[in-house]
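Asks: Compact mmCIF, C-alpha atoms, saved as coords-v6.txt, coming up:
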# COMPACT_ATOMS: atom_id res chain seq x y z
CA MET A 1 24.58 -18.81 19.45
CA ALA A 2 21.81 -17.15 17.48
CA GLN A 3 20.73 -13.62 18.28
CA ARG A 4 18.15 -11.25 16.84
CA HIS A 5 19.49 -8.47 14.66
CA LEU A 6 19.19 -5.28 16.70
CA ASP A 7 18.29 -3.17 13.70
CA PRO A 8 15.72 -2.43 12.42
CA MET A 9 13.32 -4.06 14.89
CA ASP A 10 14.88 -2.85 18.14
CA PRO A 11 14.75 0.78 19.34
CA PRO A 12 17.91 2.92 19.42
CA ALA A 13 19.99 2.90 22.59
CA GLU A 14 19.71 6.62 23.26
CA VAL A 15 16.56 8.32 24.55
CA VAL A 16 14.48 10.07 21.87
CA ARG A 17 12.25 12.87 23.21
CA GLY A 18 8.87 14.09 22.01
CA ASP A 19 10.48 17.08 20.31
CA ALA A 20 11.65 14.66 17.61
CA LEU A 21 8.02 13.79 16.90
CA ALA A 22 7.14 17.47 16.55
CA GLY A 23 9.99 17.96 14.08
CA TYR A 24 8.95 14.90 12.07
CA LEU A 25 5.34 16.04 11.83
CA ARG A 26 6.34 19.58 10.82
CA THR A 27 8.64 18.21 8.11
CA HIS A 28 5.95 16.06 6.54
CA ALA A 29 3.30 18.73 6.89
CA THR A 30 5.60 21.04 4.92
CA GLU A 31 6.11 18.30 2.31
CA PHE A 32 2.33 17.90 2.08
CA LEU A 33 1.87 21.61 1.39
CA ARG A 34 4.69 21.63 -1.14
CA ALA A 35 3.19 18.64 -2.96
CA LEU A 36 -0.23 20.27 -2.90
CA ARG A 37 1.15 23.42 -4.48
CA LEU A 38 2.93 21.41 -7.18
CA HIS A 39 -0.21 19.36 -7.75
CA ARG A 40 -2.21 22.52 -8.42
CA GLU A 41 0.48 24.04 -10.62
CA THR A 42 0.62 20.94 -12.83
CA GLY A 43 -3.12 20.71 -13.39
CA GLY A 44 -4.23 19.01 -10.21
CA ALA A 45 -6.36 15.92 -10.62
CA THR A 46 -6.90 16.80 -14.28
CA GLY A 47 -3.19 16.67 -15.04
CA SER A 48 -1.72 13.57 -16.67
CA GLY A 49 1.96 14.49 -16.81
CA GLU A 50 4.74 12.92 -14.79
CA GLU A 51 4.99 15.93 -12.48
CA SER A 52 1.29 15.73 -11.64
CA VAL A 53 1.59 12.01 -10.88
CA ASP A 54 4.66 12.63 -8.72
CA ALA A 55 2.85 15.39 -6.84
CA ALA A 56 -0.13 13.15 -6.10
CA ARG A 57 2.24 10.42 -4.92
CA ALA A 58 4.03 12.89 -2.63
CA LEU A 59 0.67 13.99 -1.21
CA ARG A 60 -0.21 10.40 -0.38
CA ARG A 61 3.25 9.74 1.03
CA SER A 62 3.20 12.66 3.46
CA ALA A 63 -0.45 12.06 4.41
CA ARG A 64 0.34 8.42 5.28
CA ARG A 65 3.32 9.38 7.40
CA ILE A 66 1.46 12.05 9.33
CA SER A 67 -1.54 9.77 9.88
CA GLY A 68 0.62 6.80 10.87
CA SER A 69 2.65 8.86 13.35
CA LEU A 70 -0.50 10.27 14.91
CA HIS A 71 -1.66 6.70 15.43
CA THR A 72 1.57 5.36 16.95
CA TYR A 73 2.30 8.36 19.16
CA ARG A 74 -1.28 9.41 19.93
CA PRO A 75 -0.78 9.52 23.77
CA LEU A 76 1.59 12.47 23.21
CA LEU A 77 -0.82 14.52 21.11
CA ASP A 78 -3.96 16.48 21.83
CA PRO A 79 -6.57 13.69 21.50
CA ALA A 80 -9.43 15.75 20.05
CA TRP A 81 -7.20 17.28 17.38
CA SER A 82 -5.46 14.00 16.56
CA GLU A 83 -8.68 12.00 16.22
CA SER A 84 -10.20 14.68 14.01
CA ILE A 85 -7.40 14.81 11.44
CA ARG A 86 -6.11 11.25 11.34
CA PRO A 87 -9.13 9.62 9.63
CA GLU A 88 -9.33 12.56 7.23
CA LEU A 89 -5.74 12.00 6.12
CA ALA A 90 -6.48 8.30 5.64
CA TRP A 91 -9.55 9.22 3.55
CA LEU A 92 -7.49 11.57 1.38
CA SER A 93 -4.65 9.12 0.84
CA GLY A 94 -7.05 6.31 -0.04
CA THR A 95 -9.07 8.46 -2.42
CA LEU A 96 -6.01 9.68 -4.31
CA ALA A 97 -4.62 6.13 -4.59
CA LEU A 98 -7.66 4.57 -6.25
CA GLU A 99 -7.15 5.80 -9.80
CA HIS A 100 -3.55 4.59 -9.93
CA ALA A 101 -4.57 1.27 -8.34
CA TYR A 102 -7.12 0.54 -11.07
CA GLU A 103 -4.65 1.49 -13.79
CA ALA A 104 -1.94 -0.75 -12.34
CA ARG A 105 -4.41 -3.61 -11.84
CA LEU A 106 -5.50 -3.50 -15.48
CA GLU A 107 -1.92 -3.45 -16.69
CA ARG A 108 -1.03 -6.36 -14.43
CA LEU A 109 -3.94 -8.48 -15.66
CA LEU A 110 -3.39 -7.75 -19.34
CA GLN A 111 0.30 -8.58 -19.02
CA ALA A 112 -0.62 -11.84 -17.27
CA LEU A 113 -3.02 -12.71 -20.10
CA HIS A 114 -0.26 -12.22 -22.65
CA ARG A 115 2.19 -14.24 -20.58
CA LEU A 116 -0.28 -17.08 -20.06
CA SER A 117 -1.08 -17.08 -23.78
CA GLY A 118 2.57 -17.30 -24.75
CA ALA A 119 2.17 -14.01 -26.62
CA ALA A 120 4.94 -11.63 -27.55
CA ALA A 121 6.00 -8.71 -25.39
CA PHE A 122 3.07 -6.71 -24.05
CA PRO A 123 2.47 -3.54 -26.10
CA GLU A 124 2.46 -0.23 -24.29
CA GLN A 125 -0.83 1.40 -23.37
CA VAL A 126 -1.91 4.67 -24.88
CA THR A 127 -2.68 7.41 -22.38
CA VAL A 128 -5.31 10.00 -23.20
CA PRO A 129 -4.29 13.41 -21.78
CA GLY A 130 -6.65 14.56 -19.07
CA GLY A 131 -8.42 11.24 -18.83
CA PRO A 132 -8.06 7.54 -18.20
CA ALA A 133 -5.73 5.36 -20.21
CA ALA A 134 -7.15 3.82 -23.34
CA ALA A 135 -5.90 0.29 -23.65
CA GLY A 136 -3.95 -0.20 -26.82
CA PRO A 137 -2.78 -3.82 -26.76
CA GLU A 138 -2.96 -5.84 -29.94
CA ARG A 139 -5.07 -8.85 -29.11
CA GLY A 140 -4.76 -10.64 -32.43
CA ASN A 141 -2.07 -12.94 -31.04
CA LEU A 142 -4.29 -14.07 -28.15
CA THR A 143 -6.85 -16.84 -28.15
CA VAL A 144 -10.44 -15.72 -28.59
CA GLY A 145 -11.23 -16.38 -24.93
CA ALA A 146 -8.17 -14.50 -23.69
CA ALA A 147 -8.82 -11.58 -26.05
CA LYS A 148 -12.44 -11.27 -24.89
CA ALA A 149 -11.36 -11.62 -21.27
CA GLY A 150 -8.89 -8.78 -21.79
CA ALA A 151 -11.54 -6.62 -23.44
CA LEU A 152 -13.96 -7.27 -20.58
CA LEU A 153 -11.35 -6.40 -17.94
CA ASP A 154 -10.41 -3.33 -19.95
CA ARG A 155 -14.01 -2.07 -19.93
CA GLN A 156 -14.65 -2.80 -16.27
CA LEU A 157 -11.39 -1.47 -14.83
CA THR A 158 -11.26 1.56 -17.13
CA LEU A 159 -14.77 2.45 -15.98
CA ALA A 160 -13.67 2.02 -12.36
CA ARG A 161 -10.62 4.18 -13.01
CA THR A 162 -12.75 6.89 -14.61
CA ARG A 163 -15.03 6.92 -11.59
CA ALA A 164 -12.01 7.08 -9.27
CA HIS A 165 -10.67 9.98 -11.31
CA SER A 166 -13.96 11.83 -10.89
CA THR A 167 -14.02 11.03 -7.18
CA ALA A 168 -10.51 12.44 -6.76
CA LEU A 169 -11.54 15.60 -8.62
CA GLN A 170 -14.54 16.05 -6.36
CA ALA A 171 -12.50 15.30 -3.24
CA LEU A 172 -9.78 17.85 -4.04
CA GLY A 173 -12.39 20.53 -4.63
CA SER A 174 -14.45 19.74 -1.56
CA SER A 175 -14.75 21.64 1.69
CA ARG A 176 -13.68 18.44 3.43
CA PHE A 177 -10.32 18.49 1.66
CA HIS A 178 -9.80 22.20 2.29
CA ALA A 179 -10.41 21.60 5.99
CA VAL A 180 -7.73 18.88 5.98
CA ALA A 181 -5.29 21.15 4.12
CA ASP A 182 -5.92 23.95 6.62
CA LYS A 183 -5.15 21.64 9.56
CA VAL A 184 -1.96 20.42 7.90
CA ALA A 185 -0.94 24.04 7.26
CA VAL A 186 -1.28 24.74 10.98
CA LEU A 187 0.65 21.56 11.76
CA ALA A 188 3.57 22.80 9.67
CA SER A 189 4.22 25.48 12.27
CA GLU A 190 2.53 24.26 15.46
CA VAL A 191 2.25 20.67 16.69
CA PRO A 192 -0.37 20.18 19.45
CA LEU A 193 1.70 18.05 21.82
CA THR A 194 0.60 17.32 25.37
CA PRO A 195 2.48 19.26 28.08
CA ALA A 196 4.58 16.23 29.03
CA ALA A 197 5.36 15.17 25.44
CA PRO A 198 8.52 17.25 24.79
CA THR A 199 10.43 15.41 27.52
CA THR A 200 8.80 11.97 27.09
CA ASP A 201 10.83 9.12 25.63
CA LEU A 202 9.32 7.97 22.34
CA ARG A 203 10.91 4.52 22.35
CA PRO A 204 8.23 2.67 24.37
CA LEU A 205 5.50 3.76 21.94
CA ALA A 206 7.65 2.83 18.95
CA GLY A 207 8.39 -0.46 20.69
CA ALA A 208 4.67 -1.15 21.03
CA ALA A 209 4.29 -0.67 17.26
CA ARG A 210 7.17 -3.07 16.75
CA GLU A 211 5.59 -5.66 19.04
CA ARG A 212 2.22 -5.42 17.26
CA LEU A 213 4.02 -6.16 14.01
CA ALA A 214 6.01 -9.04 15.49
CA ASP A 215 2.84 -10.59 17.00
CA ALA A 216 0.98 -10.30 13.69
CA VAL A 217 3.85 -11.93 11.81
CA THR A 218 4.03 -14.71 14.38
CA ALA A 219 0.35 -15.45 13.75
CA LEU A 220 0.95 -15.89 10.00
CA PRO A 221 1.32 -19.43 8.61
CA LEU A 222 5.00 -18.87 7.75
CA LEU A 223 5.69 -22.61 7.76
CA THR A 224 3.21 -22.99 4.93
CA ALA A 225 4.53 -19.88 3.24
CA GLY A 226 7.97 -21.51 3.29
CA HIS A 227 6.85 -23.74 0.43
CA PRO A 228 6.40 -21.86 -2.86
CA TYR A 229 3.25 -22.55 -4.86
CA ASN A 230 1.68 -24.75 -2.19
CA ALA A 231 -1.80 -24.27 -3.69
CA GLU A 232 -3.22 -22.98 -0.41
CA ALA A 233 -4.24 -19.89 -2.35
CA LEU A 234 -6.72 -21.89 -4.41
CA ILE A 235 -8.84 -22.84 -1.40
CA HIS A 236 -12.18 -21.03 -1.67
CA GLY A 237 -11.22 -20.11 -5.26
CA LEU A 238 -14.60 -21.28 -6.55
CA SER A 239 -16.60 -19.72 -3.76
CA PRO A 240 -19.56 -17.61 -4.94
CA ASP A 241 -18.84 -15.11 -2.17
CA PRO A 242 -17.51 -11.91 -3.81
CA SER A 243 -15.95 -10.70 -0.52
CA PRO A 244 -12.14 -10.56 -0.21
CA HIS A 245 -10.31 -13.87 0.01
CA PRO A 246 -10.51 -15.12 3.61
CA GLN A 247 -6.79 -15.94 3.80
CA ASP A 248 -5.59 -12.49 2.75
CA GLY A 249 -6.76 -10.35 5.67
CA PRO A 250 -3.96 -11.19 8.14
CA TRP A 251 -1.33 -10.57 5.45
CA HIS A 252 -2.85 -7.20 4.58
CA GLN A 253 -2.82 -6.34 8.28
CA VAL A 254 0.87 -7.20 8.54
CA ARG A 255 1.53 -4.92 5.57
CA LEU A 256 -0.12 -2.01 7.39
CA LEU A 257 1.66 -2.78 10.67
CA LEU A 258 5.00 -2.99 8.86
CA ARG A 259 4.36 0.45 7.41
CA LEU A 260 3.52 1.85 10.86
CA HIS A 261 6.70 0.32 12.27
CA ARG A 262 8.77 1.91 9.50
CA TYR A 263 7.23 5.32 10.15
CA ALA A 264 7.79 4.97 13.90
CA ARG A 265 11.45 4.18 13.18
CA GLU A 266 11.73 7.24 10.95
CA VAL A 267 10.77 9.42 13.91
CA LEU A 268 13.37 7.77 16.15
CA VAL A 269 16.17 7.50 13.61
CA PRO A 270 15.73 10.23 10.97
CA GLU A 271 17.78 10.29 7.77
CA THR A 272 18.49 6.56 8.11
CA PRO A 273 17.86 4.42 5.01
CA VAL A 274 15.19 1.76 5.35
CA ASP A 275 16.70 -1.55 6.37
CA VAL A 276 17.01 -3.91 3.41
CA ARG A 277 15.08 -6.66 5.19
CA LEU A 278 12.13 -4.41 5.97
CA LEU A 279 12.22 -2.95 2.47
CA THR A 280 12.23 -6.39 0.85
CA ALA A 281 9.50 -7.67 3.16
CA GLY A 282 7.37 -4.60 2.42
CA GLN A 283 7.80 -5.04 -1.33
CA ALA A 284 6.69 -8.66 -1.03
CA LEU A 285 3.57 -7.61 0.87
CA ASN A 286 2.82 -4.94 -1.75
CA ARG A 287 2.99 -7.62 -4.44
CA HIS A 288 0.75 -9.80 -2.27
CA ARG A 289 -1.89 -7.06 -2.12
CA ASP A 290 -1.64 -6.32 -5.85
CA ALA A 291 -1.98 -9.98 -6.82
CA SER A 292 -4.85 -10.51 -4.37
CA GLU A 293 -6.78 -7.54 -5.75
CA ALA A 294 -6.04 -8.57 -9.34
CA ALA A 295 -7.35 -12.07 -8.65
CA ALA A 296 -10.51 -10.56 -7.17
CA ALA A 297 -10.96 -8.41 -10.29
CA ALA A 298 -10.63 -11.48 -12.52
CA ALA A 299 -13.16 -13.35 -10.40
CA GLN A 300 -15.55 -10.39 -10.50
CA ALA A 301 -15.26 -10.21 -14.28
CA ALA A 302 -16.00 -13.94 -14.50
CA ARG A 303 -19.33 -13.29 -12.75
CA THR A 304 -20.46 -11.05 -15.63
CA PRO A 305 -23.76 -12.47 -16.97
CA ARG A 306 -23.89 -14.19 -20.36
CA ILE A 307 -20.17 -14.25 -21.12
CA ALA A 308 -18.89 -17.01 -23.43
CA PRO A 309 -17.46 -20.19 -21.88
CA ALA A 310 -14.04 -19.48 -23.45
CA THR A 311 -14.01 -16.04 -21.83
CA ALA A 312 -14.98 -17.46 -18.45
CA TYR A 313 -12.29 -20.12 -18.80
CA ALA A 314 -9.61 -17.53 -19.57
CA LEU A 315 -10.68 -15.48 -16.55
CA GLY A 316 -10.54 -18.59 -14.38
CA VAL A 317 -7.00 -19.33 -15.52
CA LEU A 318 -6.11 -15.69 -14.87
CA HIS A 319 -7.62 -15.86 -11.37
CA ALA A 320 -5.63 -19.01 -10.56
CA ASP A 321 -2.45 -17.40 -11.91
CA GLN A 322 -2.87 -14.37 -9.64
CA ARG A 323 -3.63 -16.54 -6.62
CA HIS A 324 -0.36 -18.37 -7.31
CA GLU A 325 1.29 -14.94 -7.42
CA VAL A 326 -0.19 -14.38 -3.97
CA GLU A 327 1.52 -17.56 -2.76
CA ALA A 328 4.81 -16.52 -4.37
CA ALA A 329 4.64 -13.16 -2.58
CA ARG A 330 4.02 -14.91 0.76
CA PHE A 331 7.03 -17.12 0.12
CA ALA A 332 9.16 -14.06 -0.70
CA PHE A 333 8.02 -12.35 2.50
CA GLN A 334 8.86 -15.43 4.56
CA ARG A 335 12.37 -15.56 3.09
CA ALA A 336 12.95 -11.84 3.70
CA TRP A 337 11.63 -11.95 7.26
CA GLN A 338 13.66 -14.97 8.33
CA ARG A 339 16.88 -13.23 7.34
CA GLU A 340 16.77 -11.29 10.61
CA ALA A 341 18.61 -14.07 12.44
CA VAL A 342 22.40 -13.73 12.53
CA GLU A 343 25.09 -15.86 14.05
CA VAL A 344 27.36 -14.25 16.65
CA VAL A 345 30.21 -15.66 18.63
For this file, produce the structure as structure tokens.
Replies:
Amino acid sequence: MAQRHLDPMDPPAEVVRGDALAGYLRTHATEFLRALRLHRETGGATGSGEESVDAARALRRSARRISGSLHTYRPLLDPAWSESIRPELAWLSGTLALEHAYEARLERLLQALHRLSGAAAFPEQVTVPGGPAAAGPERGNLTVGAAKAGALLDRQLTLARTRAHSTALQALGSSRFHAVADKVAVLASEVPLTPAAPTTDLRPLAGAARERLADAVTALPLLTAGHPYNAEALIHGLSPDPSPHPQDGPWHQVRLLLRLHRYAREVLVPETPVDVRLLTAGQALNRHRDASEAAAAAAQAARTPRIAPATAYALGVLHADQRHEVEAARFAFQRAWQREAVEVV
């Protein structure tokens, strides 16, 4: 008969007490402070080296884990303290992620333009120290429409990246950020648990996070996602509404719930590698988000007034290509998720 795989969706057999949550939060608060120190030593938000990028990534990583754990296990924490720091950590993580997101989106779209044009390998971009990347692709081997589309995307997304860079600079120098850092510093030594938390079993709360994920996945159209390139992604593709694609929201929500489930599991089962199925499913949902946002950027560029028809056409092809990438990512997620079933005798 068929049976669900007990790991990684099911809780461990042994009781896990609230002390484990305190240890997890202290560990990631310490990692946050270590990353912050490295970030400042390598130039902070003005740094462009690999160490500075790694430090910013580590800051986001620890901030996400602390914030996610405060959400999942909030009944075991001082509510006033938890609700004051959790949104601030989310703000910080989101602010620091924007610059990289715009850079990656531009690279993704320019690579897609070259692929769709049958061009040679995509040339590397040139990075200007202390500032945003200056695009350095040779566009002579592209059609005129594709080359102008690439130049337009380059201008728009580089401007957005520059603004995100400035926003990150301002955020890291603000009193708001220093207040967050001070709270995390306290958390590294003292976790404000409720009196009953140290002896409370964490598994029911982690199980609730698991069930929220399972319910959200159940609500997805996985039957449709089981067919690659089913063209569902093109519905509403010509809509004048610049808001996010109406089909994408539930998938983005599953991505966030999957992350919360992973973090909840990390508290229960520390030092355990992420299950391959969850890792693969998460990677597919990351690609889904990236392709969705890239398609939106192409559509936004196509709304630029007075662009040439050939440029608009190239952007339309690019938008359709990224929406097909969205469908491919949904198909990949469906395949990864369905691998949980195993046959037992």
Asks: Point out the residue among A:Leu256, A:Leu76, A:Ala320, A:Ala281 with the least atom-to-atom distance to Ala20 (chain A), counting only C-alpha atoms.
Replies: A:Leu76
Asks: Counting all atoms listed in the file, which residue out of A:Asp248, A:Asp201, A:Asp275, A:Asp215 sits closest to Asp19 (chain A)?
Replies: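 Smallest distance to Asp19 (chain A) is found for A:Asp201.
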Asks: Could you check the closest approach to Ile307 (chain A) for each of A:Ala56, A:Leu152, A:Leu77, A:Val16 and tell me which residue wins, using only C-alpha atoms?
Replies: A:Leu152
Asks: Quick one: residues within 10 Å of (9.7, 5.1, 12.8) (file frame), counting all atoms listed in the file, please, as a PyMOL selection string.
Replies: chain A and resi 8+11+21+24+65+68-69+72+202-203+206-207+209-210+259-270+274
Asks: Between CA of Arg108 (chain A) and CA of Gln156 (chain A), measure the distance and give it in Å to one decimal.
Replies: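 Computing the Euclidean distance for CA of Arg108 (chain A) and CA of Gln156 (chain A) yields 14.2 Å.
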Asks: With distances taken over only C-alpha atoms, which of A:Thr42, A:Gln300, A:Ser174, A:Ser93 is nearest to Leu157 (chain A)?
Replies: A:Gln300
Asks: In Å to one decimal, how far is CA of Thr30 (chain A) from CA of His71 (chain A)?
Replies: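 Distance reported for this atom pair: 19.2 Å.
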Asks: With a distance cut-off of 10 Å and all atoms listed in the file, select the neighbouring residues of Glu41 (chain A), excluding the residue or stretch itself and same-chain residues fewer than 5 positions from it, and output the selection as a PDB file with C-alpha atoms, in the coordinates of the input.
Replies:
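Output (selection-v4.pdb):
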ATOM      1  CA  ALA A  35       3.190  18.640  -2.960  1.00  0.00           C
ATOM      2  CA  LEU A  36      -0.230  20.270  -2.900  1.00  0.00           C
ATOM      3  CA  GLY A  47      -3.190  16.670 -15.040  1.00  0.00           C
ATOM      4  CA  GLU A  51       4.990  15.930 -12.480  1.00  0.00           C
ATOM      5  CA  SER A  52       1.290  15.730 -11.640  1.00  0.00           C
ATOM      6  CA  ALA A  55       2.850  15.390  -6.840  1.00  0.00           C
TER       7      ALA A  55
END
Asks: My list of candidates is A:Ala219, A:Glu83, A:Leu38, A:His165. Which is closest to Glu50 (chain A) when distances are computed with all atoms listed in the file?
Replies: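 Of A:Ala219, A:Glu83, A:Leu38, A:His165, the one nearest Glu50 (chain A), counting all atoms listed in the file, is A:Leu38.
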Asks: Using only C-alpha atoms, find the one residue out of A:Arg163, A:Ala185, A:Ser175, A:Ala297 that sits nearest to Leu106 (chain A).
Replies: A:Ala297
